Every structure is written in C-alpha cells, then in structure tokens.
>>> print(open('structure_18.pdb').read())   # PDB, C-alpha atoms and all ligand atoms
ATOM      1  CA  MET R   1       0.000   0.000   0.000  1.00  0.00           C
ATOM      2  CA  THR R   2       2.678   2.480   1.035  1.00  0.00           C
ATOM      3  CA  THR R   3       4.692   1.740  -2.120  1.00  0.00           C
ATOM      4  CA  THR R   4       1.686   1.648  -4.497  1.00  0.00           C
ATOM      5  CA  VAL R   5       0.900   5.383  -4.288  1.00  0.00           C
ATOM      6  CA  PRO R   6       4.479   6.592  -5.063  1.00  0.00           C
ATOM      7  CA  LEU R   7       4.693   4.042  -7.892  1.00  0.00           C
ATOM      8  CA  LEU R   8       1.416   5.268  -9.432  1.00  0.00           C
ATOM      9  CA  LEU R   9       2.543   8.899  -9.046  1.00  0.00           C
ATOM     10  CA  PHE R  10       5.833   8.045 -10.762  1.00  0.00           C
ATOM     11  CA  LEU R  11       4.087   6.231 -13.643  1.00  0.00           C
ATOM     12  CA  LEU R  12       1.612   9.112 -14.024  1.00  0.00           C
ATOM     13  CA  SER R  13       4.351  11.771 -14.174  1.00  0.00           C
ATOM     14  CA  ALA R  14       6.391   9.590 -16.569  1.00  0.00           C
ATOM     15  CA  ALA R  15       3.330   9.289 -18.844  1.00  0.00           C
ATOM     16  CA  ILE R  16       2.722  13.062 -18.734  1.00  0.00           C
ATOM     17  CA  ILE R  17       6.387  13.799 -19.603  1.00  0.00           C
ATOM     18  CA  ALA R  18       6.359  11.244 -22.446  1.00  0.00           C
ATOM     19  CA  THR R  19       3.126  12.766 -23.821  1.00  0.00           C
ATOM     20  CA  VAL R  20       4.573  16.294 -23.738  1.00  0.00           C
ATOM     21  CA  PHE R  21       7.696  15.079 -25.582  1.00  0.00           C
ATOM     22  CA  ALA R  22       5.567  13.308 -28.209  1.00  0.00           C
ATOM     23  CA  VAL R  23       3.334  16.361 -28.781  1.00  0.00           C
ATOM     24  CA  VAL R  24       6.334  18.713 -29.065  1.00  0.00           C
ATOM     25  CA  ALA R  25       8.141  16.315 -31.408  1.00  0.00           C
ATOM     26  CA  ARG R  26       5.053  16.072 -33.656  1.00  0.00           C
ATOM     27  CA  SER R  27       4.299  19.797 -33.691  1.00  0.00           C
ATOM     28  CA  THR R  28       7.893  20.718 -34.601  1.00  0.00           C
ATOM     29  CA  ALA R  29       8.393  18.044 -37.277  1.00  0.00           C
ATOM     30  CA  ARG R  30       7.857  20.635 -40.008  1.00  0.00           C
ATOM     31  CA  ALA R  31       9.329  24.146 -39.996  1.00  0.00           C
ATOM     32  CA  GLY R  32       6.765  26.881 -39.449  1.00  0.00           C
ATOM     33  CA  GLU R  33       6.343  30.476 -38.369  1.00  0.00           C
ATOM     34  CA  VAL R  34       6.980  31.013 -34.655  1.00  0.00           C
ATOM     35  CA  ASP R  35       4.975  33.645 -32.819  1.00  0.00           C
ATOM     36  CA  TYR R  36       7.698  34.796 -30.397  1.00  0.00           C
ATOM     37  CA  ALA R  37       5.469  37.183 -28.483  1.00  0.00           C
ATOM     38  CA  ARG R  38       3.050  34.351 -27.723  1.00  0.00           C
ATOM     39  CA  ALA R  39       5.884  31.937 -26.888  1.00  0.00           C
ATOM     40  CA  ASN R  40       7.396  34.411 -24.423  1.00  0.00           C
ATOM     41  CA  HIS R  41       4.011  34.979 -22.824  1.00  0.00           C
ATOM     42  CA  LEU R  42       3.595  31.203 -22.403  1.00  0.00           C
ATOM     43  CA  ARG R  43       7.066  30.999 -20.835  1.00  0.00           C
ATOM     44  CA  LYS R  44       6.146  33.659 -18.287  1.00  0.00           C
ATOM     45  CA  VAL R  45       2.884  31.887 -17.424  1.00  0.00           C
ATOM     46  CA  PHE R  46       4.761  28.595 -17.041  1.00  0.00           C
ATOM     47  CA  PHE R  47       7.469  30.176 -14.857  1.00  0.00           C
ATOM     48  CA  VAL R  48       5.012  31.961 -12.562  1.00  0.00           C
ATOM     49  CA  SER R  49       2.864  28.797 -12.253  1.00  0.00           C
ATOM     50  CA  LEU R  50       5.938  26.798 -11.204  1.00  0.00           C
ATOM     51  CA  LEU R  51       6.852  29.456  -8.624  1.00  0.00           C
ATOM     52  CA  VAL R  52       3.322  29.423  -7.196  1.00  0.00           C
ATOM     53  CA  ILE R  53       3.239  25.597  -7.013  1.00  0.00           C
ATOM     54  CA  LEU R  54       6.654  25.456  -5.313  1.00  0.00           C
ATOM     55  CA  ALA R  55       5.696  28.202  -2.837  1.00  0.00           C
ATOM     56  CA  ILE R  56       2.479  26.338  -1.946  1.00  0.00           C
ATOM     57  CA  PHE R  57       4.338  23.067  -1.323  1.00  0.00           C
ATOM     58  CA  LEU R  58       7.031  24.875   0.660  1.00  0.00           C
ATOM     59  CA  GLY R  59       4.380  26.497   2.852  1.00  0.00           C
ATOM     60  CA  LEU R  60       2.565  23.178   3.349  1.00  0.00           C
ATOM     61  CA  THR R  61       5.600  21.024   4.128  1.00  0.00           C
ATOM     62  CA  LEU R  62       8.039  23.350   5.941  1.00  0.00           C
ATOM     63  CA  PRO R  63       6.132  23.332   9.270  1.00  0.00           C
ATOM     64  CA  ARG R  64       6.064  19.521   9.125  1.00  0.00           C
ATOM     65  CA  LEU R  65       9.853  19.095   9.279  1.00  0.00           C
ATOM     66  CA  PRO R  66      10.505  16.604  12.097  1.00  0.00           C
ATOM     67  CA  TYR R  67      12.918  18.868  13.988  1.00  0.00           C
ATOM     68  CA  PRO R  68      11.728  20.591  17.164  1.00  0.00           C
ATOM     69  CA  ALA R  69      12.819  24.219  17.433  1.00  0.00           C
ATOM     70  CA  GLU R  70      16.474  24.605  18.403  1.00  0.00           C
ATOM     71  CA  ALA R  71      15.605  27.259  20.970  1.00  0.00           C
ATOM     72  CA  ALA R  72      13.341  24.883  22.919  1.00  0.00           C
ATOM     73  CA  VAL R  73      14.811  23.563  26.156  1.00  0.00           C
ATOM     74  CA  PRO R  74      14.617  19.753  26.351  1.00  0.00           C
ATOM     75  CA  GLU R  75      12.441  18.483  29.194  1.00  0.00           C
ATOM     76  CA  GLN R  76      14.315  15.219  29.577  1.00  0.00           C
ATOM     77  CA  ILE R  77      17.893  14.240  28.754  1.00  0.00           C
ATOM     78  CA  VAL R  78      19.074  10.719  28.041  1.00  0.00           C
ATOM     79  CA  ASN R  79      22.807  10.120  27.856  1.00  0.00           C
ATOM     80  CA  VAL R  80      23.583   7.483  25.251  1.00  0.00           C
ATOM     81  CA  VAL R  81      26.967   5.753  25.306  1.00  0.00           C
ATOM     82  CA  SER R  82      27.757   3.235  22.596  1.00  0.00           C
ATOM     83  CA  ARG R  83      30.539   0.658  22.339  1.00  0.00           C
ATOM     84  CA  GLN R  84      31.206  -2.608  20.552  1.00  0.00           C
ATOM     85  CA  PHE R  85      28.581  -4.068  20.939  1.00  0.00           C
ATOM     86  CA  ALA R  86      26.066  -2.407  23.238  1.00  0.00           C
ATOM     87  CA  PHE R  87      24.205   0.802  24.055  1.00  0.00           C
ATOM     88  CA  SER R  88      23.870   2.422  27.438  1.00  0.00           C
ATOM     89  CA  LEU R  89      20.946   4.780  28.087  1.00  0.00           C
ATOM     90  CA  THR R  90      20.991   6.642  31.387  1.00  0.00           C
ATOM     91  CA  GLU R  91      19.740   9.867  32.947  1.00  0.00           C
ATOM     92  CA  GLY R  92      23.137  10.298  34.607  1.00  0.00           C
ATOM     93  CA  PRO R  93      26.362  10.553  32.601  1.00  0.00           C
ATOM     94  CA  GLY R  94      26.668   6.781  32.061  1.00  0.00           C
ATOM     95  CA  PRO R  95      29.883   4.788  31.630  1.00  0.00           C
ATOM     96  CA  ASP R  96      32.918   6.861  30.648  1.00  0.00           C
ATOM     97  CA  SER R  97      35.170   3.916  29.819  1.00  0.00           C
ATOM     98  CA  ILE R  98      35.003   0.256  28.819  1.00  0.00           C
ATOM     99  CA  GLU R  99      36.423  -0.651  32.258  1.00  0.00           C
ATOM    100  CA  THR R 100      33.520   0.935  34.151  1.00  0.00           C
ATOM    101  CA  TRP R 101      30.891  -0.182  31.634  1.00  0.00           C
ATOM    102  CA  GLU R 102      29.413  -3.052  33.667  1.00  0.00           C
ATOM    103  CA  ARG R 103      29.065  -0.823  36.721  1.00  0.00           C
ATOM    104  CA  ASP R 104      27.481   2.222  35.064  1.00  0.00           C
ATOM    105  CA  PHE R 105      25.529   1.091  32.017  1.00  0.00           C
ATOM    106  CA  SER R 106      21.784   0.645  31.577  1.00  0.00           C
ATOM    107  CA  PRO R 107      20.230  -0.996  28.486  1.00  0.00           C
ATOM    108  CA  LEU R 108      16.919   0.810  28.979  1.00  0.00           C
ATOM    109  CA  ALA R 109      15.686   4.372  29.412  1.00  0.00           C
ATOM    110  CA  GLU R 110      12.183   5.456  30.296  1.00  0.00           C
ATOM    111  CA  VAL R 111      10.697   8.623  28.775  1.00  0.00           C
ATOM    112  CA  ARG R 112       7.225  10.170  28.668  1.00  0.00           C
ATOM    113  CA  THR R 113       4.938  10.867  25.722  1.00  0.00           C
ATOM    114  CA  GLY R 114       4.612  14.471  24.557  1.00  0.00           C
ATOM    115  CA  THR R 115       7.950  15.394  26.155  1.00  0.00           C
ATOM    116  CA  LEU R 116      10.876  16.935  24.274  1.00  0.00           C
ATOM    117  CA  VAL R 117      13.612  14.364  24.896  1.00  0.00           C
ATOM    118  CA  GLU R 118      17.234  15.083  24.018  1.00  0.00           C
ATOM    119  CA  PHE R 119      19.487  12.074  23.439  1.00  0.00           C
ATOM    120  CA  ARG R 120      23.173  12.986  23.869  1.00  0.00           C
ATOM    121  CA  VAL R 121      24.977  10.356  21.871  1.00  0.00           C
ATOM    122  CA  ARG R 122      28.652   9.433  22.143  1.00  0.00           C
ATOM    123  CA  THR R 123      30.889   6.404  21.647  1.00  0.00           C
ATOM    124  CA  LEU R 124      33.726   4.819  23.597  1.00  0.00           C
ATOM    125  CA  ASP R 125      35.350   3.170  20.570  1.00  0.00           C
ATOM    126  CA  VAL R 126      34.413   3.289  16.870  1.00  0.00           C
ATOM    127  CA  ASN R 127      31.615   4.933  14.890  1.00  0.00           C
ATOM    128  CA  HIS R 128      28.139   3.625  15.606  1.00  0.00           C
ATOM    129  CA  ALA R 129      24.703   4.915  14.753  1.00  0.00           C
ATOM    130  CA  PHE R 130      21.964   5.373  17.296  1.00  0.00           C
ATOM    131  CA  ALA R 131      18.641   4.552  15.634  1.00  0.00           C
ATOM    132  CA  ILE R 132      15.247   4.480  17.347  1.00  0.00           C
ATOM    133  CA  TYR R 133      12.539   2.194  15.935  1.00  0.00           C
ATOM    134  CA  THR R 134       8.815   2.397  16.691  1.00  0.00           C
ATOM    135  CA  PRO R 135       7.095  -0.651  18.270  1.00  0.00           C
ATOM    136  CA  ASP R 136       5.939  -1.689  14.757  1.00  0.00           C
ATOM    137  CA  GLY R 137       9.497  -1.518  13.402  1.00  0.00           C
ATOM    138  CA  ARG R 138       9.538   1.859  11.633  1.00  0.00           C
ATOM    139  CA  LEU R 139      12.700   3.992  11.803  1.00  0.00           C
ATOM    140  CA  LEU R 140      11.739   7.067  13.847  1.00  0.00           C
ATOM    141  CA  ALA R 141      15.004   8.977  14.310  1.00  0.00           C
ATOM    142  CA  GLN R 142      18.726   8.396  14.120  1.00  0.00           C
ATOM    143  CA  THR R 143      22.082  10.078  14.567  1.00  0.00           C
ATOM    144  CA  GLN R 144      25.731   9.064  14.439  1.00  0.00           C
ATOM    145  CA  ALA R 145      27.815   8.183  17.485  1.00  0.00           C
ATOM    146  CA  MET R 146      31.276   9.558  16.661  1.00  0.00           C
ATOM    147  CA  PRO R 147      34.536   9.403  18.636  1.00  0.00           C
ATOM    148  CA  GLY R 148      35.200  12.779  20.267  1.00  0.00           C
ATOM    149  CA  TYR R 149      31.731  14.225  19.630  1.00  0.00           C
ATOM    150  CA  VAL R 150      28.424  14.469  21.468  1.00  0.00           C
ATOM    151  CA  ASN R 151      25.592  14.398  18.939  1.00  0.00           C
ATOM    152  CA  ARG R 152      22.212  15.635  20.074  1.00  0.00           C
ATOM    153  CA  LEU R 153      19.018  14.034  18.813  1.00  0.00           C
ATOM    154  CA  ARG R 154      15.710  15.582  19.873  1.00  0.00           C
ATOM    155  CA  VAL R 155      12.564  13.487  19.736  1.00  0.00           C
ATOM    156  CA  VAL R 156       8.986  13.914  20.951  1.00  0.00           C
ATOM    157  CA  PHE R 157       7.273  10.520  21.281  1.00  0.00           C
ATOM    158  CA  ASP R 158       3.550  10.634  20.508  1.00  0.00           C
ATOM    159  CA  GLU R 159       2.689   7.012  21.267  1.00  0.00           C
ATOM    160  CA  PRO R 160       3.594   4.932  24.331  1.00  0.00           C
ATOM    161  CA  GLY R 161       5.327   1.590  23.786  1.00  0.00           C
ATOM    162  CA  THR R 162       8.627  -0.233  23.607  1.00  0.00           C
ATOM    163  CA  TYR R 163      10.974   1.439  21.097  1.00  0.00           C
ATOM    164  CA  ASN R 164      14.007  -0.571  20.059  1.00  0.00           C
ATOM    165  CA  VAL R 165      17.401   1.031  19.568  1.00  0.00           C
ATOM    166  CA  MET R 166      19.680  -0.479  16.940  1.00  0.00           C
ATOM    167  CA  CYS R 167      23.011   0.416  15.370  1.00  0.00           C
ATOM    168  CA  LEU R 168      22.881   1.572  11.727  1.00  0.00           C
ATOM    169  CA  GLU R 169      26.635   1.750  11.156  1.00  0.00           C
ATOM    170  CA  TYR R 170      28.429  -1.532  10.508  1.00  0.00           C
ATOM    171  CA  CYS R 171      30.875  -1.588  13.411  1.00  0.00           C
ATOM    172  CA  GLY R 172      32.149  -5.172  13.683  1.00  0.00           C
ATOM    173  CA  LEU R 173      31.175  -8.813  13.837  1.00  0.00           C
ATOM    174  CA  SER R 174      28.416  -8.437  16.455  1.00  0.00           C
ATOM    175  CA  HIS R 175      27.025  -5.179  15.043  1.00  0.00           C
ATOM    176  CA  HIS R 176      23.595  -6.820  14.647  1.00  0.00           C
ATOM    177  CA  ALA R 177      23.498  -7.624  18.376  1.00  0.00           C
ATOM    178  CA  MET R 178      23.705  -3.987  19.492  1.00  0.00           C
ATOM    179  CA  ARG R 179      20.388  -3.304  21.138  1.00  0.00           C
ATOM    180  CA  GLY R 180      18.899  -0.790  23.516  1.00  0.00           C
ATOM    181  CA  VAL R 181      15.374   0.020  24.603  1.00  0.00           C
ATOM    182  CA  VAL R 182      13.474   3.280  25.039  1.00  0.00           C
ATOM    183  CA  GLU R 183      10.341   2.592  27.056  1.00  0.00           C
ATOM    184  CA  VAL R 184       7.803   5.327  26.325  1.00  0.00           C
ATOM    185  CA  VAL R 185       5.110   5.705  28.973  1.00  0.00           C
ATOM    186  CA  GLU R 186       1.954   7.807  28.929  1.00  0.00           C
ATOM    187  CA  GLU R 187       2.559  11.194  30.525  1.00  0.00           C
ATOM    188  CA  ALA R 188       0.871  11.438  33.920  1.00  0.00           C
ATOM    189  CA  GLN R 189      -2.140  13.787  33.703  1.00  0.00           C
TER     190      GLN R 189
HETATM  191 CU    CU R 201      27.019  -1.266  14.499  1.00  0.00          CU
END
>>> encode(input="structure_18.pdb", output="structure tokens")
Amino acid sequence: MTTTVPLLLFLLSAAIIATVFAVVARSTARAGEVDYARANHLRKVFFVSLLVILAIFLGLTLPRLPYPAEAAVPEQIVNVVSRQFAFSLTEGPGPDSIETWERDFSPLAEVRTGTLVEFRVRTLDVNHAFAIYTPDGRLLAQTQAMPGYVNRLRVVFDEPGTYNVMCLEYCGLSHHAMRGVVEVVEEAQ
C-alpha cells in the first residue's frame, strides 16, 4: 500500500512527460512560423505557475519538518553511550570507559509521551549509529555516534510503547546484536 501510491505517481508523471515530448516532437516536425510574443508569454505563465506551485508546497511542508525548534529547552535528557557491541541509556552521565561499563551502564531508558527528549549520543570506541525504531518496526530517528563528539538528537514521542534502539553503522562482527530500549510511557495527567 505504502509503495503503491508513489509508484502510481511516478508512472503518471512519466506518462505526462512522455506525452509532452511526443506532442512537441510532432508539432515541430515541419518548420513553421513562430509567434515569439506568444511563446514568451507562455514561458512567463509557465514560470510563474511553477513558482506558485513550489511556494504552496514549501508552505505546506516546511512546518512539518521533524525537527523541534532549536531554541526549545529539552524536558528530559538521556545520555547514550555506545561501544562494541552495546548501548547504554541513562539519565546520569553513564559509563565513561570500557572498564567501568558493567558498573554504570543501563540498556533501557524510560521517557514520557509528549515530552521533548534530548538524546546525547557518544561512543567509547568506533563509529556507531543510534537509531530508534517504533514498536511496529519503523525507523523514527537516528544520529551518528562519533569518537570525540556528542551528537544531540531531539525526539517527541507521541505514542507509548517499547521502542528498540539499533546500530545503523556496521561496526564489527556483532554489530547486529547492538540493542537498547526506550520505554515510552503515557505522561501522567
Ligand atoms: Cu554497528
């Protein structure tokens, strides 16, 4: 279903483009008088129409960008530390070395719905990616975990549930086993 609509749209636009090419090819097969004034007028109409269409789509889609405003202060912070081959998600700073990992790590963080959560993502060894998946397995948000950097990922969860965290950057033999959990609970009224 989700792939049928884009496919139909693609086929429709391909058909329209092919038709336009065919009509232009037919109408210019024989040399004729060109009315330049009319052609220029058509160009202007075409250009302005394109501008209007683009402006409409920009206005409709810009507010729907999935990035909360930078100026907003996050209501909850989760510190994410990644290593080969695990994630740690804690409210406190979390493990700062492989040696203290067992003592300080947590595989699960709990956050509330409707809350601006900031994940501060770092790594103790190589590049990883921190990717959050919805309970039905859809990729919701992701950022890189890079040596020497703290990458911030801001997410507002709309639905409660168990969100899996997986690594999206091939980082070694057990890359597939890197898992974490974000438990999203309904905000207390
Ligand atoms: Cu990985």
>>> closest_atom_pairs(input="structure_18.pdb", of="chain R", to="ligand CU 201 (chain R)", cutoff="7 Å", atoms="only C-alpha atoms and all ligand atoms", output="Markdown table")
| residue | atom | partner | partner_atom | distance |
| --- | --- | --- | --- | --- |
| R:His128 | CA | R:CU201 | CU | 5.1 |
| R:Ala129 | CA | R:CU201 | CU | 6.6 |
| R:Cys167 | CA | R:CU201 | CU | 4.4 |
| R:Leu168 | CA | R:CU201 | CU | 5.7 |
| R:Glu169 | CA | R:CU201 | CU | 4.5 |
| R:Tyr170 | CA | R:CU201 | CU | 4.2 |
| R:Cys171 | CA | R:CU201 | CU | 4.0 |
| R:Gly172 | CA | R:CU201 | CU | 6.5 |
| R:His175 | CA | R:CU201 | CU | 4.0 |
| R:His176 | CA | R:CU201 | CU | 6.5 |
| R:Met178 | CA | R:CU201 | CU | 6.6 |
>>> atom_distance(input="structure_18.pdb", atom1="atom CA of R:Thr162", atom2="atom CA of R:Ser106")
15.4 Å
>>> closest_residue(input="structure_18.pdb", among="R:Leu62, R:Ile77, R:Val181, R:Ile53", to="R:Asn164", atoms="only C-alpha atoms")
R:Val181
>>> closest_residue(input="structure_18.pdb", among="R:Arg43, R:Pro93, R:Gly114, R:Val80", to="R:Gln144", atoms="all atoms listed in the file")
R:Val80
>>> axis_aligned_box(input="structure_18.pdb", around="stretch 100-103 of chain R", padding_each_side="5 Å", output="JSON")
{"center_x": 31.3, "center_y": -1.1, "center_z": 34.2, "size_x": 14.5, "size_y": 14.0, "size_z": 15.1}
>>> residues_near_point(input="structure_18.pdb", point="(12.6, 14.7, 25.3)", cutoff="7 Å", atoms="only C-alpha atoms", output="list of chain:residue names")
R:Pro74, R:Glu75, R:Gln76, R:Ile77, R:Thr115, R:Leu116, R:Val117, R:Glu118, R:Arg154, R:Val155, R:Val156
>>> closest_residue(input="structure_18.pdb", among="R:Val111, R:Ala55, R:Met146, R:Ala22", to="R:Glu91", atoms="all atoms listed in the file")
R:Val111
>>> closest_residue(input="structure_18.pdb", among="R:Leu50, R:Val150, R:Ala188, R:Val73", to="R:Arg112", atoms="only C-alpha atoms")
R:Ala188
>>> residues_around(input="structure_18.pdb", residues="R:Tyr149", least_positions_apart="3", cutoff="9 Å", atoms="only C-alpha atoms", output="MDAnalysis selection string")
chainID R and resid 121:123 145:146
>>> closest_residue(input="structure_18.pdb", among="R:Asp35, R:Asp136, R:Asp96, R:Asp158", to="R:Val81", atoms="all atoms listed in the file")
R:Asp96
>>> residues_around(input="structure_18.pdb", residues="R:Leu89", least_positions_apart="3", cutoff="10 Å", atoms="only C-alpha atoms", output="list in words")
Ile77, Val78, Asn79, Val80, Val81, Ser82, Gly92, Pro93, Gly94, Pro95, Asp104, Phe105, Ser106, Pro107, Leu108, Ala109, Glu110, Phe119, Arg120, Val121, Val165, Gly180, Val181 and Val182 of chain R
>>> atom_distance(input="structure_18.pdb", atom1="atom CA of R:Tyr133", atom2="atom CA of R:Leu173")
21.7 Å
>>> decode(input="structure_18.pdb", residues="stretch 110-121 of chain R", atoms="N, CA and C atoms", output="PDB file, in the first residue's frame")
ATOM      1  N   GLU R 110      13.619   5.227  30.315  1.00  0.00           N
ATOM      2  CA  GLU R 110      12.183   5.456  30.296  1.00  0.00           C
ATOM      3  C   GLU R 110      11.912   6.938  30.050  1.00  0.00           C
ATOM      4  N   VAL R 111      11.057   7.225  29.062  1.00  0.00           N
ATOM      5  CA  VAL R 111      10.697   8.623  28.775  1.00  0.00           C
ATOM      6  C   VAL R 111       9.176   8.720  28.692  1.00  0.00           C
ATOM      7  N   ARG R 112       8.671   9.959  28.682  1.00  0.00           N
ATOM      8  CA  ARG R 112       7.225  10.170  28.668  1.00  0.00           C
ATOM      9  C   ARG R 112       6.756  10.669  27.299  1.00  0.00           C
ATOM     10  N   THR R 113       5.506  10.378  26.981  1.00  0.00           N
ATOM     11  CA  THR R 113       4.938  10.867  25.722  1.00  0.00           C
ATOM     12  C   THR R 113       4.792  12.389  25.791  1.00  0.00           C
ATOM     13  N   GLY R 114       4.834  13.028  24.634  1.00  0.00           N
ATOM     14  CA  GLY R 114       4.612  14.471  24.557  1.00  0.00           C
ATOM     15  C   GLY R 114       5.708  15.302  25.193  1.00  0.00           C
ATOM     16  N   THR R 115       6.846  14.701  25.486  1.00  0.00           N
ATOM     17  CA  THR R 115       7.950  15.394  26.155  1.00  0.00           C
ATOM     18  C   THR R 115       9.104  15.554  25.173  1.00  0.00           C
ATOM     19  N   LEU R 116       9.717  16.740  25.142  1.00  0.00           N
ATOM     20  CA  LEU R 116      10.876  16.935  24.274  1.00  0.00           C
ATOM     21  C   LEU R 116      12.085  16.263  24.927  1.00  0.00           C
ATOM     22  N   VAL R 117      12.501  15.141  24.349  1.00  0.00           N
ATOM     23  CA  VAL R 117      13.612  14.364  24.896  1.00  0.00           C
ATOM     24  C   VAL R 117      14.856  14.645  24.065  1.00  0.00           C
ATOM     25  N   GLU R 118      15.970  14.912  24.738  1.00  0.00           N
ATOM     26  CA  GLU R 118      17.234  15.083  24.018  1.00  0.00           C
ATOM     27  C   GLU R 118      18.153  13.907  24.335  1.00  0.00           C
ATOM     28  N   PHE R 119      18.518  13.154  23.291  1.00  0.00           N
ATOM     29  CA  PHE R 119      19.487  12.074  23.439  1.00  0.00           C
ATOM     30  C   PHE R 119      20.861  12.652  23.138  1.00  0.00           C
ATOM     31  N   ARG R 120      21.793  12.520  24.088  1.00  0.00           N
ATOM     32  CA  ARG R 120      23.173  12.986  23.869  1.00  0.00           C
ATOM     33  C   ARG R 120      24.027  11.759  23.610  1.00  0.00           C
ATOM     34  N   VAL R 121      24.441  11.625  22.355  1.00  0.00           N
ATOM     35  CA  VAL R 121      24.977  10.356  21.871  1.00  0.00           C
ATOM     36  C   VAL R 121      26.487  10.430  21.697  1.00  0.00           C
TER      37      VAL R 121
END
